[in-house]
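A.B. asks: Before I ask anything, here is the structure I am working with.
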Amino acid sequence: PNLEVRTNAVVESILMRSKSRARGVRYLDRNTGAYVVVEAKNVIVASGTIESPKLLLRSVSSHWKNGLGN
């Protein structure tokens, strides 16, 4: 009941609450063309060998100026 799978959604970045805690994600809804922010208690990164590091590098915040991947 606490899991929702969204298809046609491309995650752009992981949003950070602190240096060590995620607060959600921002994704592109390919059906509507709109960007959506989803708050979450836990964020799981499981996008594979190439896409996971790309997502982490795109996840820039005040805590991670060069992205989570650095």
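By convention here, the chains of the structure tokens are called A, B, ... in the order presented, each chain's residues are numbered starting at 1, and ligands are numbered starting at 1 in the order presented.
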Give me the residues within 10 Å of Asn66 (chain A) as a list in words, counting only C-alpha atoms and dropping any in the same chain fewer than 6 places off.
C.D. replies: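 Final neighbour list, sorted by chain and number: Leu56, Leu57, Arg58, Ser59 and Val60 of chain A.
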A.B. asks: What lies within 10 Å of Ala22 (chain A) using only C-alpha atoms, ignoring chain neighbours under 4 positions off, as a list in words?
C.D. replies: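 Non-adjacent residues within range: Ile14, Leu15, Met16, Arg17, Ser18, Glu39, Ala40, Lys41, Asn42, Val43 and Ile44 of chain A.
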A.B. asks: Once you have the residues from the selection above, write them out as a PDB file, in the first residue's frame, restricted to N, CA and C atoms.
C.D. replies:
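In the end it all went to out20.pdb:
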```pdb
ATOM      1  N   ILE A  14      17.099  13.993  -7.659  1.00  0.00           N
ATOM      2  CA  ILE A  14      16.722  13.627  -6.298  1.00  0.00           C
ATOM      3  C   ILE A  14      16.791  14.903  -5.468  1.00  0.00           C
ATOM      4  N   LEU A  15      15.766  15.166  -4.704  1.00  0.00           N
ATOM      5  CA  LEU A  15      15.705  16.360  -3.861  1.00  0.00           C
ATOM      6  C   LEU A  15      16.213  15.998  -2.472  1.00  0.00           C
ATOM      7  N   MET A  16      17.078  16.848  -1.922  1.00  0.00           N
ATOM      8  CA  MET A  16      17.710  16.545  -0.642  1.00  0.00           C
ATOM      9  C   MET A  16      17.151  17.399   0.490  1.00  0.00           C
ATOM     10  N   ARG A  17      16.954  16.779   1.650  1.00  0.00           N
ATOM     11  CA  ARG A  17      16.528  17.472   2.869  1.00  0.00           C
ATOM     12  C   ARG A  17      17.762  17.957   3.630  1.00  0.00           C
ATOM     13  N   SER A  18      18.799  17.136   3.617  1.00  0.00           N
ATOM     14  CA  SER A  18      20.062  17.465   4.272  1.00  0.00           C
ATOM     15  C   SER A  18      21.165  16.801   3.459  1.00  0.00           C
ATOM     16  N   GLU A  39       7.226  14.145  -2.826  1.00  0.00           N
ATOM     17  CA  GLU A  39       7.887  14.023  -1.531  1.00  0.00           C
ATOM     18  C   GLU A  39       7.799  12.563  -1.104  1.00  0.00           C
ATOM     19  N   ALA A  40       8.864  12.062  -0.463  1.00  0.00           N
ATOM     20  CA  ALA A  40       8.877  10.666  -0.050  1.00  0.00           C
ATOM     21  C   ALA A  40       9.714  10.481   1.209  1.00  0.00           C
ATOM     22  N   LYS A  41       9.330   9.504   1.998  1.00  0.00           N
ATOM     23  CA  LYS A  41      10.101   9.171   3.196  1.00  0.00           C
ATOM     24  C   LYS A  41      11.401   8.474   2.793  1.00  0.00           C
ATOM     25  N   ASN A  42      11.324   7.636   1.768  1.00  0.00           N
ATOM     26  CA  ASN A  42      12.493   6.906   1.261  1.00  0.00           C
ATOM     27  C   ASN A  42      12.557   7.050  -0.251  1.00  0.00           C
ATOM     28  N   VAL A  43      13.770   7.153  -0.771  1.00  0.00           N
ATOM     29  CA  VAL A  43      14.005   7.205  -2.210  1.00  0.00           C
ATOM     30  C   VAL A  43      14.958   6.070  -2.560  1.00  0.00           C
ATOM     31  N   ILE A  44      14.557   5.233  -3.505  1.00  0.00           N
ATOM     32  CA  ILE A  44      15.385   4.112  -3.943  1.00  0.00           C
ATOM     33  C   ILE A  44      15.877   4.401  -5.351  1.00  0.00           C
TER      34      ILE A  44
END
```
A.B. asks: Give the answer as one residue: which of A:Tyr35, A:Ser47, A:Arg26, A:Ser61 has the shortest atom-to-atom distance to Val11 (chain A), using only C-alpha atoms?
C.D. replies: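 The closest residue to Val11 (chain A) is A:Arg26.
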A.B. asks: Of the candidates A:Ser20, A:Ser52, A:Asn31, A:Ser62, which shows the shortest atom-to-atom distance to Thr7 (chain A), using only C-alpha atoms?
C.D. replies: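 Once distances to Thr7 (chain A) are computed over only C-alpha atoms, the minimum belongs to A:Asn31.
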A.B. asks: Would you return as a list in words the members of chain A that DSSP assigns to alpha helix (DSSP H) on this structure's backbone?
C.D. replies: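 After running DSSP on the backbone, chain A has alpha helix (DSSP H) at Gly48, Thr49, Ile50, Glu51, Ser52, Pro53, Lys54, Leu55, Leu56, Leu57 and Arg58 of chain A.
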A.B. asks: Between A:Leu3, A:Leu55, A:Thr49, A:Gly69, which one has atoms that come closest to Tyr27 (chain A), using only C-alpha atoms?
C.D. replies: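 Between A:Leu3, A:Leu55, A:Thr49, A:Gly69, the residue approaching Tyr27 (chain A) most closely is A:Leu55.
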A.B. asks: Just checking: using only C-alpha atoms, which residue out of A:Leu28, A:Val38, A:Leu68, A:Ala46 ends up closest to Val10 (chain A)?
C.D. replies: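 Selected residue with least distance to Val10 (chain A): A:Leu28.
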A.B. asks: Could you work out how far CA of Gly33 (chain A) lies from CA of Glu12 (chain A), giving the answer in Å with one decimal?
C.D. replies: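 Here the two named atoms are 12.8 Å from each other.
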A.B. asks: How many Å lie between CA of Trp64 (chain A) and CA of Val36 (chain A), rounded to one decimal?
C.D. replies: 21.2 Å
